[in-house]
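Have a look at final.cif; it's mmCIF, C-alpha atoms:
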```cif
data_run
#
loop_
_atom_site.label_atom_id
_atom_site.label_comp_id
_atom_site.auth_asym_id
_atom_site.auth_seq_id
_atom_site.Cartn_x
_atom_site.Cartn_y
_atom_site.Cartn_z
CA MET A 1 0.00 0.00 0.00
CA ALA A 2 1.06 3.58 -0.58
CA LEU A 3 -0.05 6.91 0.81
CA TYR A 4 -1.07 9.62 -1.63
CA VAL A 5 -1.84 13.25 -0.94
CA VAL A 6 -4.37 14.99 -3.16
CA GLN A 7 -5.10 18.69 -3.03
CA PHE A 8 -8.34 19.85 -4.63
CA ARG A 9 -8.71 23.44 -5.79
CA PHE A 10 -12.39 24.33 -5.93
CA ASP A 11 -13.90 26.26 -8.82
CA LEU A 12 -15.38 29.15 -6.85
CA ALA A 13 -17.74 29.96 -9.72
CA GLU A 14 -19.31 26.54 -9.12
CA THR A 15 -19.80 26.83 -5.35
CA ASP A 16 -23.59 26.40 -5.54
CA ARG A 17 -23.26 23.24 -7.64
CA ARG A 18 -20.55 21.91 -5.29
CA MET A 19 -22.79 22.51 -2.28
CA GLU A 20 -25.58 20.56 -3.98
CA VAL A 21 -23.40 17.50 -4.46
CA ARG A 22 -21.38 17.81 -1.25
CA PRO A 23 -23.58 15.40 0.79
CA ALA A 24 -22.98 12.64 -1.80
CA HIS A 25 -19.26 13.48 -1.89
CA ARG A 26 -19.01 13.25 1.89
CA GLU A 27 -20.94 9.97 1.97
CA TYR A 28 -18.50 8.58 -0.61
CA LEU A 29 -15.57 9.71 1.54
CA SER A 30 -17.16 8.01 4.57
CA GLU A 31 -17.38 4.77 2.61
CA LEU A 32 -13.72 5.08 1.63
CA LYS A 33 -12.76 5.74 5.25
CA GLU A 34 -14.65 2.65 6.40
CA ALA A 35 -12.91 0.60 3.69
CA GLY A 36 -9.49 1.80 4.86
CA LYS A 37 -8.79 3.73 1.65
CA LEU A 38 -9.07 7.24 3.10
CA VAL A 39 -6.75 8.31 5.92
CA ALA A 40 -7.84 11.94 6.33
CA ALA A 41 -9.77 14.58 4.43
CA GLY A 42 -11.14 18.05 4.86
CA PRO A 43 -11.61 21.45 3.27
CA PHE A 44 -9.39 24.44 3.85
CA THR A 45 -10.99 26.99 6.17
CA ASP A 46 -11.20 29.54 3.36
CA GLN A 47 -13.18 26.99 1.27
CA THR A 48 -10.83 27.33 -1.73
CA GLY A 49 -9.99 23.63 -1.75
CA ALA A 50 -9.37 20.52 0.29
CA LEU A 51 -6.65 18.09 1.26
CA LEU A 52 -7.16 14.33 1.17
CA ILE A 53 -4.81 11.49 2.09
CA TYR A 54 -5.46 8.06 0.60
CA ASP A 55 -3.98 4.64 1.41
CA VAL A 56 -4.14 2.71 -1.87
CA ALA A 57 -2.22 0.08 -3.81
CA ASP A 58 -1.00 2.50 -6.46
CA GLU A 59 -1.81 5.63 -8.45
CA ALA A 60 -4.11 3.69 -10.78
CA GLU A 61 -6.33 2.71 -7.85
CA LEU A 62 -6.33 6.29 -6.62
CA ARG A 63 -7.35 7.65 -10.02
CA ASP A 64 -10.19 5.12 -10.13
CA ILE A 65 -11.34 6.29 -6.68
CA LEU A 66 -11.20 9.93 -7.79
CA ALA A 67 -13.15 9.15 -10.96
CA LYS A 68 -15.97 7.69 -8.85
CA ASP A 69 -16.14 10.69 -6.49
CA PRO A 70 -19.47 12.52 -6.96
CA TYR A 71 -17.56 15.81 -7.31
CA THR A 72 -15.74 14.59 -10.43
CA PRO A 73 -18.60 14.50 -12.97
CA GLN A 74 -19.80 17.87 -11.65
CA ASN A 75 -16.42 19.41 -12.55
CA VAL A 76 -16.31 21.52 -9.38
CA TYR A 77 -12.61 21.06 -8.63
CA GLU A 78 -9.24 20.59 -10.22
CA ILE A 79 -6.39 18.55 -8.83
CA ALA A 80 -3.70 20.97 -7.70
CA THR A 81 -1.46 18.21 -6.28
CA LEU A 82 -1.42 14.45 -6.56
CA ALA A 83 1.71 12.88 -5.12
CA GLU A 84 2.83 9.76 -3.35
CA TRP A 85 3.66 10.74 0.21
CA GLN A 86 6.33 9.41 2.53
CA PRO A 87 5.44 10.75 5.98
CA LEU A 88 8.35 11.43 8.28
CA PHE A 89 6.03 11.37 11.27
CA PRO A 90 3.12 9.00 10.56
CA LEU A 91 -0.41 9.88 11.54
CA GLY A 92 -1.70 8.38 14.75
#
```
Target format structure tokens, applied to this file:
Amino acid sequence: MALYVVQFRFDLAETDRRMEVRPAHREYLSELKEAGKLVAAGPFTDQTGALLIYDVADEAELRDILAKDPYTPQNVYEIATLAEWQPLFPLG
């Protein structure tokens, strides 16, 4: 397994549409958390984006997970960062 960090940058012009789909997005994240695929996630306090940390087999699995996120077909974000992460001080 590998840890990946993903930073979303929200399209502020699409805030209303993002808010409409946010409950489905958060439910999807809850499912990923329960499955052990999501380590941590949350929006920035200024609501310009979010940071998510995934524990997946590889980048291909991560991209599949992102493709299934309800935010993706709504086109309300762009990926600012997607990188495999090697934490110096692990979470928990």
### Task
List every protein, DNA or RNA residue with an atom no more than 12 Å from (-7.9, 5.0, -8.0) in the file's coordinates, counting only C-alpha atoms, and format the result as a list in words.
Ala2, Leu3, Tyr4, Val6, Leu32, Lys37, Leu38, Tyr54, Asp55, Val56, Ala57, Asp58, Glu59, Ala60, Glu61, Leu62, Arg63, Asp64, Ile65, Leu66, Ala67, Lys68, Asp69 and Leu82 of chain A
### Task
May I have the residues within 9 Å of Gln7 of chain A as number ranges by chain, using all atoms listed in the file and disregarding those fewer than 2 positions away in the same chain?
A: 5, 9, 49-53, 78-82
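What separates atom CA of Leu12 of chain A from atom CA of Val76 of chain A is a distance of 8.1 Å.
Shortest separation to Ala13 of chain A among A:Tyr77, A:Asp46, A:Tyr28, A:Leu88 occurs at residue A:Tyr77, atoms counted being all atoms listed in the file.
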### Query
How many Å lie between atom CA of Pro23 of chain A and atom CA of Trp85 of chain A, rounded to one decimal?
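Atom-to-atom, atom CA of Pro23 of chain A and atom CA of Trp85 of chain A are spaced 27.6 Å apart.
Residue nearest Glu84 of chain A within the list A:Ala35, A:Ala41, A:Glu27, A:Met1: A:Met1 [criterion: smallest interatomic distance, all atoms listed in the file].
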### Task
May I ask for the distance between atom CA of Gly42 of chain A and atom CA of Phe8 of chain A, given in Å to one decimal place?
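Value for the atom CA of Gly42 of chain A-atom CA of Phe8 of chain A distance: 10.1 Å.
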